[in-house]
Amino acid sequence: MTDNVTLTINEKEVSVPARTLLVDAARMAGIEIPVFCSHPKLDPVGCCRMCLVEVDGPRGTAMMASCTMPVGDGMVVRTNTEQVQTVQEANLAFILLNHPLDCPICDKGGECPLQDQTMRFGPGISQLIEPKRLAKKHYDISDTIVLDQERCVLCWRCIRYLEEWEDKPQLGLFERGNETIVDIQDGRPVDAKTGGNIIDLCPVGALTNRVSRFAYRPWEIERTPSVCMHCSVGCNVRLDSRTHQLRRIVGRENMQVNDQWICDKGRFAHAWVNDENRLAAPLLRKNGKLTPVQWNEALAYIADRITGIKEKYGADSIGAIGSGKISNESNYALQRFMRTVVGTNNIDHRDGGEVAALPTGLPALAELMKPQYGPDPQVDTVLLFGVDPSEELPILDLHLKRGILRGGVKLIIAHARKIELTRYDGPYLAYLPGGESLLLDRLIQAVQGPGMSEDESSIQTAAKLLKESENALIVYGPMAARGDDGPSVRDGLEQLAQAAGEGTRLAYAGLDGNAQGCRDMGVLPDRLPGQFPLEDASARTRLEGLWGCSISSSPGYTYKQMLDSQEMRALFVNGANPAAESPDWSASLEELELLVVTDLLPTETAQKANVVLPALGWAESDGTYTNLERRVQRAPKAVSDPKSRAAPDWMMLTHLAKQMGASWPFSDARSVTAEIARAVPAYAGLTWEALGDQGLQWDAGSAPATESSGGRTSERMPELAADNAEFPLNLVTGTVLYDGGTLFSLTDQMHGMAHGATVTLNPVDAAEFGLDPGSAVTVQSEQGQLDLTVGIDVQVQTGTAWIPESLPGAPVGALLNGSYIQRVKVEKR
Amino acid sequence: MELGDFLKGATEIGKAMGVTLKHLGKKPVTVEFPHEDIPIYPRFRGRHELRRYANGLERCIGCCLCEAACPTEAIYVEAAENDPDSPLSPGERHAKVYELNLLRCVFCGDCEEACPTEAIVLGHDFAMANYERKDFVLTKEELLNPGMPKVIIRPE
């Protein structure tokens, strides 16, 4: 509990909590104090002197920096006297001494605090007749951020952000006095994953956006509040558009999700929205070539072929692949189409039925964020199991770092790779892909074992931390719980959470932007909307009543089964690209009688399709998305290409259903959202209007319980225990932030940041095989081979080879070919 | 009464005839446009043009302030970054697209006033008739190469 103190600001009595800073107290009282260096999310530093105010003290009135001074009881403060005004004018004149009059060519012009404050508090005239100081103008401190040292007013905001939030002090001040400049350290670029936030923080135009450079003026853009779709954190963003084009993305504050920060991928990688290769008309394969046709023709063709295939081979020969990248509305319509119009449960998405997930996601991101603003007992220990937030969920990474630095959160990491977060104190538990269960067994044993062990191994330390913690959170990702071994890993984690004590919670974090929503909508072969199991008769009856037809109760094929199976005759693929994942799948897609691909861009899968339907992306149509903590957020339409004939998925499916004799009551996205609220009990009341700008989290209590897979077989040997002399290395794969994915690689400015086509080895292994960094090698598994170059990193365990997913031009799928575990050998080319 | 009216009428006719006689010897003000030029005042606001510096660089830096100042949204500017090796304008920024819709323009001259580099000025060309609507949208090329370059910049 904090006590309130009462002080007087401008003859007005104000009561604020103790230890509030004067500048914040004035803001609460509605009194404006101009600031440059002070920022509510950063520690006070008091270096710009803009916020000086008059404070009565024992030795008379003094000018004090209100951004560093805490309030005191009975304090008398004045911000409107002549003295304060003189000081403000003098300060602004001083700040402007070396600030170039660049405003017409500066991207900050129009939304610049320095401009605004000069107009409001400035002297109106400059006394300077000497030439201004010259420094480096427009030079890139990373591929995405431009620095103009002349414009800098030395407020330290960027430096403080990188130190306090990113814990990567990559910017600093150099030289002294009049010559002081902000610069990168030793020419090393700013590579923090959320470094772009310093652009938003900069109170002048010193740091600007390389990707959106000169593409917008603040007074001419339309601002649409939206959410980011690059990962499942669901950061709140604002889309700035002009002339039907997305010009810029900036962060938007949501204290429940992302504070006000967004990562660089979310900020900069948006060129795909306006890419010229976007599909703009339905394409139908005629004489072996995809030809643009009218919607009616394309839909009639699909309806005709689907009816034919259904009659000839049965409904179960037709399948559909949804995606965690598309909206709840589109996913819901897809599963409704499959379950009611086609009449099969063959519906899944990548990381769907193959992954042993939990239905409810993280408890609440805000609980992880709270420690940032002081110690908070809601989460005191975090175990990351097969999740790498730095690459997969950058804003979660930011929250965790802040939690560790400020909130005393203890971190335990179990991962196949020594991920970036292992730089913090805390045990790191290594495992090989497929060895997750084995590690869990040992960890559970250690937790259940006798209290004080002398053993200082990391497993013992981790067990001790888990036992001692009161509110531990275990987070696992799809990489750790895929395939046949998945359920056993999930059960192991549940057992671990139980063993660790009452306050321990277990959470599954999907990776795709709408991974949680996809599950909630029932894009799973064995689950209905609301994640009710197919066997649940009451859930089935309820949906049958809503949809007016009967639902098959036999589970369908999973994503992998659909692509592997020879029985599939027709496949709908919405927002997925299985052809790029595995050569076998690529071949089996060609065997299909009908392949309907709905996508934004002509992907590898779309090239093989009989019909390609152009979809609208998240920026171009209304849609709701559910993030990893079950927060349903809306992304309204921000831009639209007037020349494009693309449509949202739910709309084309509604028309297709009509062609096939079903009548759906969907007139716009909001009517689909309304039906979702009826079909999914947890979403009841989550209408478009109710969601607002900050989204709503659905109640975890209303989710159906996970079925237990009936006792865990801890003796089960992991698939990959035996050494194999021919293939000496274990292949480790996973997601990296800057990959070769279609949505990332279309932003030209970011090409230099993309992870190269490399296989990374531990230095020990590299020395053993006689490989130097950069040498060209062939990586071979039993399934196939890949040509890559060698990278060397201690992050990679000995005996493993790290090749991320979807690298530019080198799909690791060639080695995995649909499996999850492979051994490889690396040979010089 | 009648005589009074007559005299009054005669005086008025006399006055009117006086005006006629006064102008009878003068040169007519009618100009045989377009065969003859008409005098244009220096501050006349006609068709716009974009100016260059003496070294050939464009004055326009693509700051979009004219666009913001324009009361009828007649101007559309799209800025881009200069190639440091062959810049189009001094500094980092230039106008990639500069379009001006003469059908919207009210020739108020606010764009001139807003321009920080005196790049856009209203010239003296007023004969702007055309056959196609699209021809009323002046492109950057047309604006940079006006038929009748304007020399005088308004002092304000």
# chains A, B, ... in the order shown; residues from 1 in each chain; ligands from 1
>>> residues_around(residues="range 606-616 of chain A", least_positions_apart="6", cutoff="7 Å", atoms="only C-alpha atoms", output="list in words")
Leu279, Ala280, Ala281, Pro282, Leu283, Leu284, Arg285, Ala298, Glu590, Leu594, Leu595, Val596, Val597, Thr598, Asp599, Leu600, Ala646, Ala647, Pro648 and Asp649 of chain A
>>> interface_residues(of="chain A", to="chain B", cutoff="10 Å", atoms="only C-alpha atoms", output="list in words")
Asp102, Cys103, Pro104, Ile105, Cys106, Asp107, Gly109, Lys137, His138, Ser212, Arg213, Phe214, Ala215, Tyr216, Arg217, Trp219 and Glu220 of chain A
>>> write_last_selection(atoms="all heavy atoms", output="compact mmCIF listing (two decimals), in the first residue's frame")
# COMPACT_ATOMS: atom_id res chain seq x y z
N ASP A 102 15.55 21.06 -40.56
CA ASP A 102 15.32 20.00 -41.53
C ASP A 102 13.85 19.68 -41.70
O ASP A 102 13.50 18.80 -42.48
CB ASP A 102 15.99 18.71 -41.01
CG ASP A 102 17.35 18.52 -41.61
OD1 ASP A 102 17.68 19.30 -42.50
OD2 ASP A 102 18.05 17.58 -41.19
N CYS A 103 13.01 20.32 -40.92
CA CYS A 103 11.62 19.86 -40.79
C CYS A 103 10.97 19.46 -42.11
O CYS A 103 10.28 18.44 -42.17
CB CYS A 103 10.78 20.89 -40.06
SG CYS A 103 11.44 21.28 -38.44
N PRO A 104 11.16 20.23 -43.20
CA PRO A 104 10.47 19.81 -44.42
C PRO A 104 10.89 18.44 -44.96
O PRO A 104 10.10 17.79 -45.62
CB PRO A 104 10.85 20.91 -45.43
CG PRO A 104 11.19 22.08 -44.61
CD PRO A 104 11.80 21.53 -43.36
N ILE A 105 12.11 18.02 -44.67
CA ILE A 105 12.50 16.71 -45.19
C ILE A 105 12.58 15.67 -44.07
O ILE A 105 13.05 14.56 -44.28
CB ILE A 105 13.84 16.75 -45.95
CG1 ILE A 105 14.96 17.25 -45.04
CG2 ILE A 105 13.74 17.60 -47.20
CD1 ILE A 105 16.33 16.90 -45.57
N CYS A 106 12.13 16.03 -42.88
CA CYS A 106 12.24 15.11 -41.74
C CYS A 106 10.94 14.34 -41.58
O CYS A 106 9.86 14.91 -41.59
CB CYS A 106 12.55 15.91 -40.48
SG CYS A 106 12.62 14.91 -39.01
N ASP A 107 11.09 13.02 -41.41
CA ASP A 107 9.92 12.17 -41.28
C ASP A 107 9.14 12.42 -39.99
O ASP A 107 7.99 12.04 -39.87
CB ASP A 107 10.33 10.70 -41.34
CG ASP A 107 10.14 10.11 -42.71
OD1 ASP A 107 9.43 10.75 -43.51
OD2 ASP A 107 10.69 9.03 -42.99
N GLY A 109 8.51 15.39 -38.86
CA GLY A 109 7.78 16.64 -39.01
C GLY A 109 6.28 16.42 -38.99
O GLY A 109 5.75 15.62 -39.73
N LYS A 137 24.73 12.81 -40.97
CA LYS A 137 23.30 12.81 -41.26
C LYS A 137 22.94 11.48 -41.91
O LYS A 137 23.78 10.84 -42.52
CB LYS A 137 22.94 13.95 -42.22
CG LYS A 137 22.91 15.30 -41.57
CD LYS A 137 22.36 16.35 -42.49
CE LYS A 137 20.85 16.42 -42.47
NZ LYS A 137 20.31 16.95 -41.22
N HIS A 138 21.70 11.12 -41.81
CA HIS A 138 21.15 9.90 -42.40
C HIS A 138 22.15 8.78 -42.59
O HIS A 138 22.58 8.47 -43.66
CB HIS A 138 20.43 10.21 -43.73
CG HIS A 138 21.28 10.76 -44.83
ND1 HIS A 138 21.87 9.97 -45.77
CD2 HIS A 138 21.64 12.02 -45.13
CE1 HIS A 138 22.53 10.72 -46.61
NE2 HIS A 138 22.41 11.96 -46.24
N SER A 212 9.89 2.76 -44.01
CA SER A 212 8.82 3.70 -44.37
C SER A 212 9.37 5.08 -44.67
O SER A 212 8.63 6.06 -44.66
CB SER A 212 7.83 3.83 -43.22
OG SER A 212 7.28 2.59 -42.91
N ARG A 213 10.65 5.17 -44.92
CA ARG A 213 11.29 6.48 -45.09
C ARG A 213 10.61 7.30 -46.19
O ARG A 213 10.47 6.84 -47.31
CB ARG A 213 12.76 6.26 -45.42
CG ARG A 213 13.64 7.45 -45.26
CD ARG A 213 15.08 6.97 -45.19
NE ARG A 213 16.04 8.00 -45.50
CZ ARG A 213 16.41 8.95 -44.66
NH1 ARG A 213 15.86 9.00 -43.46
NH2 ARG A 213 17.31 9.84 -45.01
N PHE A 214 10.20 8.49 -45.84
CA PHE A 214 9.59 9.45 -46.77
C PHE A 214 8.30 8.93 -47.40
O PHE A 214 7.84 9.46 -48.41
CB PHE A 214 10.57 9.85 -47.88
CG PHE A 214 11.86 10.43 -47.38
CD1 PHE A 214 13.04 10.29 -48.09
CD2 PHE A 214 11.89 11.14 -46.19
CE1 PHE A 214 14.23 10.84 -47.63
CE2 PHE A 214 13.07 11.69 -45.72
CZ PHE A 214 14.24 11.53 -46.44
N ALA A 215 7.71 7.88 -46.84
CA ALA A 215 6.52 7.30 -47.47
C ALA A 215 5.23 7.87 -46.89
O ALA A 215 4.16 7.54 -47.36
CB ALA A 215 6.53 5.79 -47.29
N TYR A 216 5.33 8.71 -45.88
CA TYR A 216 4.10 9.18 -45.25
C TYR A 216 4.35 10.57 -44.70
O TYR A 216 5.48 10.99 -44.48
CB TYR A 216 3.71 8.26 -44.09
CG TYR A 216 4.75 8.26 -43.00
CD1 TYR A 216 4.65 9.14 -41.93
CD2 TYR A 216 5.88 7.44 -43.08
CE1 TYR A 216 5.63 9.19 -40.96
CE2 TYR A 216 6.86 7.49 -42.12
CZ TYR A 216 6.73 8.37 -41.06
OH TYR A 216 7.71 8.43 -40.11
N ARG A 217 3.29 11.30 -44.48
CA ARG A 217 3.33 12.53 -43.71
C ARG A 217 2.24 12.38 -42.65
O ARG A 217 1.13 11.96 -42.98
CB ARG A 217 3.03 13.75 -44.61
CG ARG A 217 4.24 14.25 -45.36
CD ARG A 217 5.36 14.50 -44.44
NE ARG A 217 6.28 15.53 -44.90
CZ ARG A 217 7.31 15.94 -44.14
NH1 ARG A 217 7.49 15.43 -42.95
NH2 ARG A 217 8.12 16.85 -44.60
N TRP A 219 0.12 14.12 -41.31
CA TRP A 219 -1.19 14.75 -41.46
C TRP A 219 -2.00 14.15 -42.60
O TRP A 219 -3.15 14.52 -42.79
CB TRP A 219 -1.03 16.26 -41.66
CG TRP A 219 -0.14 16.63 -42.82
CD1 TRP A 219 -0.50 16.64 -44.13
CD2 TRP A 219 1.23 17.01 -42.78
NE1 TRP A 219 0.57 17.00 -44.90
CE2 TRP A 219 1.65 17.24 -44.11
CE3 TRP A 219 2.16 17.18 -41.75
CZ2 TRP A 219 2.95 17.63 -44.43
CZ3 TRP A 219 3.44 17.57 -42.08
CH2 TRP A 219 3.82 17.79 -43.39
N GLU A 220 -1.43 13.27 -43.36
CA GLU A 220 -2.19 12.79 -44.51
C GLU A 220 -2.50 11.29 -44.42
O GLU A 220 -3.05 10.72 -45.35
CB GLU A 220 -1.42 13.07 -45.80
CG GLU A 220 -0.15 12.27 -45.93
CD GLU A 220 0.73 12.76 -47.06
OE1 GLU A 220 0.44 13.85 -47.60
OE2 GLU A 220 1.67 12.07 -47.41
>>> residues_around(residues="Leu368 in chain A", least_positions_apart="4", cutoff="10 Å", atoms="only C-alpha atoms", output="list of chain:residue names")
A:Gln256, A:Val257, A:Leu362, A:Pro363, A:Ala364, A:Gln372, A:Asp376, A:Gln378, A:Val379, A:Asp380, A:Val382, A:Leu396, A:His399, A:Leu400, A:Arg402, A:Gly403, A:Gly407, A:Val409, A:Leu473
>>> select_by_dssp(residues="range 511-727 of chain A", states="strand (DSSP E or B)", output="PyMOL selection string")
chain A and resi 524+527-528+532-533+570-574+594-599+611-615+623-626+631-635+647+696-697
>>> closest_residue(among="B:Cys105, B:Leu57, B:Leu144, B:Ala119", to="Asn82 in chain B", atoms="only C-alpha atoms")
B:Leu57
>>> select_by_dssp(residues="range 353-470 of chain A", states="alpha helix (DSSP H)", output="NGL selection string")
:A and (365-369 or 389-392 or 394-407 or 436-448 or 458-468)
>>> residues_around(residues="Asn514 in chain A", least_positions_apart="4", cutoff="7 Å", atoms="only C-alpha atoms", output="NGL selection string")
:A and (232 or 324-327 or 518 or 625-627)
>>> write_last_selection(atoms="all heavy atoms", output="PDB file, in the first residue's frame")
ATOM      1  N   SER A 232       2.200 -15.074 -32.041  1.00  0.00           N
ATOM      2  CA  SER A 232       0.969 -15.234 -31.274  1.00  0.00           C
ATOM      3  C   SER A 232       0.842 -14.275 -30.099  1.00  0.00           C
ATOM      4  O   SER A 232      -0.144 -14.327 -29.384  1.00  0.00           O
ATOM      5  CB  SER A 232       0.861 -16.674 -30.785  1.00  0.00           C
ATOM      6  OG  SER A 232       2.010 -17.001 -30.042  1.00  0.00           O
ATOM      7  N   GLY A 324      -3.057 -20.877 -38.842  1.00  0.00           N
ATOM      8  CA  GLY A 324      -2.958 -19.961 -37.712  1.00  0.00           C
ATOM      9  C   GLY A 324      -2.614 -18.552 -38.140  1.00  0.00           C
ATOM     10  O   GLY A 324      -2.363 -17.700 -37.310  1.00  0.00           O
ATOM     11  N   LYS A 325      -2.585 -18.309 -39.446  1.00  0.00           N
ATOM     12  CA  LYS A 325      -2.276 -16.962 -39.916  1.00  0.00           C
ATOM     13  C   LYS A 325      -3.526 -16.217 -40.348  1.00  0.00           C
ATOM     14  O   LYS A 325      -3.469 -15.035 -40.646  1.00  0.00           O
ATOM     15  CB  LYS A 325      -1.296 -17.041 -41.105  1.00  0.00           C
ATOM     16  CG  LYS A 325       0.081 -17.530 -40.702  1.00  0.00           C
ATOM     17  CD  LYS A 325       1.035 -17.457 -41.874  1.00  0.00           C
ATOM     18  CE  LYS A 325       2.461 -17.722 -41.456  1.00  0.00           C
ATOM     19  NZ  LYS A 325       2.693 -19.109 -41.050  1.00  0.00           N
ATOM     20  N   ILE A 326      -4.653 -16.943 -40.453  1.00  0.00           N
ATOM     21  CA  ILE A 326      -5.868 -16.285 -40.930  1.00  0.00           C
ATOM     22  C   ILE A 326      -6.854 -16.119 -39.778  1.00  0.00           C
ATOM     23  O   ILE A 326      -6.712 -16.710 -38.720  1.00  0.00           O
ATOM     24  CB  ILE A 326      -6.492 -17.023 -42.130  1.00  0.00           C
ATOM     25  CG1 ILE A 326      -6.865 -18.446 -41.769  1.00  0.00           C
ATOM     26  CG2 ILE A 326      -5.533 -17.025 -43.306  1.00  0.00           C
ATOM     27  CD1 ILE A 326      -7.498 -19.216 -42.907  1.00  0.00           C
ATOM     28  N   SER A 327      -7.873 -15.292 -39.996  1.00  0.00           N
ATOM     29  CA  SER A 327      -8.714 -14.832 -38.903  1.00  0.00           C
ATOM     30  C   SER A 327      -9.607 -15.937 -38.355  1.00  0.00           C
ATOM     31  O   SER A 327      -9.800 -16.982 -38.965  1.00  0.00           O
ATOM     32  CB  SER A 327      -9.568 -13.672 -39.381  1.00  0.00           C
ATOM     33  OG  SER A 327     -10.498 -14.143 -40.327  1.00  0.00           O
ATOM     34  N   CYS A 518      -7.298 -20.573 -33.992  1.00  0.00           N
ATOM     35  CA  CYS A 518      -7.483 -21.700 -34.890  1.00  0.00           C
ATOM     36  C   CYS A 518      -8.010 -22.910 -34.113  1.00  0.00           C
ATOM     37  O   CYS A 518      -8.908 -23.615 -34.565  1.00  0.00           O
ATOM     38  CB  CYS A 518      -6.116 -22.013 -35.466  1.00  0.00           C
ATOM     39  SG  CYS A 518      -6.120 -22.497 -37.140  1.00  0.00           S
ATOM     40  N   TYR A 625      -8.775 -12.029 -34.064  1.00  0.00           N
ATOM     41  CA  TYR A 625      -7.650 -12.934 -33.872  1.00  0.00           C
ATOM     42  C   TYR A 625      -7.491 -13.175 -32.372  1.00  0.00           C
ATOM     43  O   TYR A 625      -7.729 -12.267 -31.579  1.00  0.00           O
ATOM     44  CB  TYR A 625      -6.361 -12.317 -34.440  1.00  0.00           C
ATOM     45  CG  TYR A 625      -6.427 -12.105 -35.930  1.00  0.00           C
ATOM     46  CD1 TYR A 625      -7.005 -10.959 -36.459  1.00  0.00           C
ATOM     47  CD2 TYR A 625      -5.945 -13.066 -36.804  1.00  0.00           C
ATOM     48  CE1 TYR A 625      -7.102 -10.770 -37.820  1.00  0.00           C
ATOM     49  CE2 TYR A 625      -6.022 -12.878 -38.172  1.00  0.00           C
ATOM     50  CZ  TYR A 625      -6.608 -11.731 -38.679  1.00  0.00           C
ATOM     51  OH  TYR A 625      -6.698 -11.554 -40.024  1.00  0.00           O
ATOM     52  N   THR A 626      -7.099 -14.391 -32.010  1.00  0.00           N
ATOM     53  CA  THR A 626      -6.966 -14.729 -30.599  1.00  0.00           C
ATOM     54  C   THR A 626      -5.491 -14.964 -30.304  1.00  0.00           C
ATOM     55  O   THR A 626      -4.865 -15.791 -30.963  1.00  0.00           O
ATOM     56  CB  THR A 626      -7.783 -15.982 -30.279  1.00  0.00           C
ATOM     57  OG1 THR A 626      -9.088 -15.807 -30.816  1.00  0.00           O
ATOM     58  CG2 THR A 626      -7.893 -16.190 -28.787  1.00  0.00           C
ATOM     59  N   ASN A 627      -4.959 -14.249 -29.352  1.00  0.00           N
ATOM     60  CA  ASN A 627      -3.517 -14.389 -29.102  1.00  0.00           C
ATOM     61  C   ASN A 627      -3.241 -15.499 -28.102  1.00  0.00           C
ATOM     62  O   ASN A 627      -4.151 -16.201 -27.663  1.00  0.00           O
ATOM     63  CB  ASN A 627      -2.913 -13.040 -28.700  1.00  0.00           C
ATOM     64  CG  ASN A 627      -3.136 -12.716 -27.237  1.00  0.00           C
ATOM     65  OD1 ASN A 627      -3.905 -13.374 -26.553  1.00  0.00           O
ATOM     66  ND2 ASN A 627      -2.466 -11.694 -26.755  1.00  0.00           N
TER      67      ASN A 627
END
>>> residues_around(residues="Tyr738 in chain A", least_positions_apart="5", cutoff="12 Å", atoms="only C-alpha atoms", output="NGL selection string")
:A and (191 or 193 or 230-231 or 263-266 or 268-269 or 390-394 or 743-747 or 750-757 or 804-808)
>>> closest_atom_pairs(of="range 83-145 of chain B", to="range 24-46 of chain B", cutoff="10 Å", atoms="only C-alpha atoms", output="tab-separated table")
residue	atom	partner	partner_atom	distance
B:Val106	CA	B:Arg45	CA	9.9
B:Phe107	CA	B:Arg45	CA	6.2
B:Cys108	CA	B:Arg45	CA	7.7
B:Gly109	CA	B:Arg45	CA	7.0
B:Val121	CA	B:Arg45	CA	8.5
B:Leu122	CA	B:Arg45	CA	5.1
B:Gly123	CA	B:Gly46	CA	4.9
B:His124	CA	B:Gly46	CA	4.8
B:Asp125	CA	B:Gly46	CA	5.2
B:Phe126	CA	B:Gly46	CA	5.1
B:Ala127	CA	B:Gly46	CA	8.6
B:Met128	CA	B:Gly46	CA	9.1
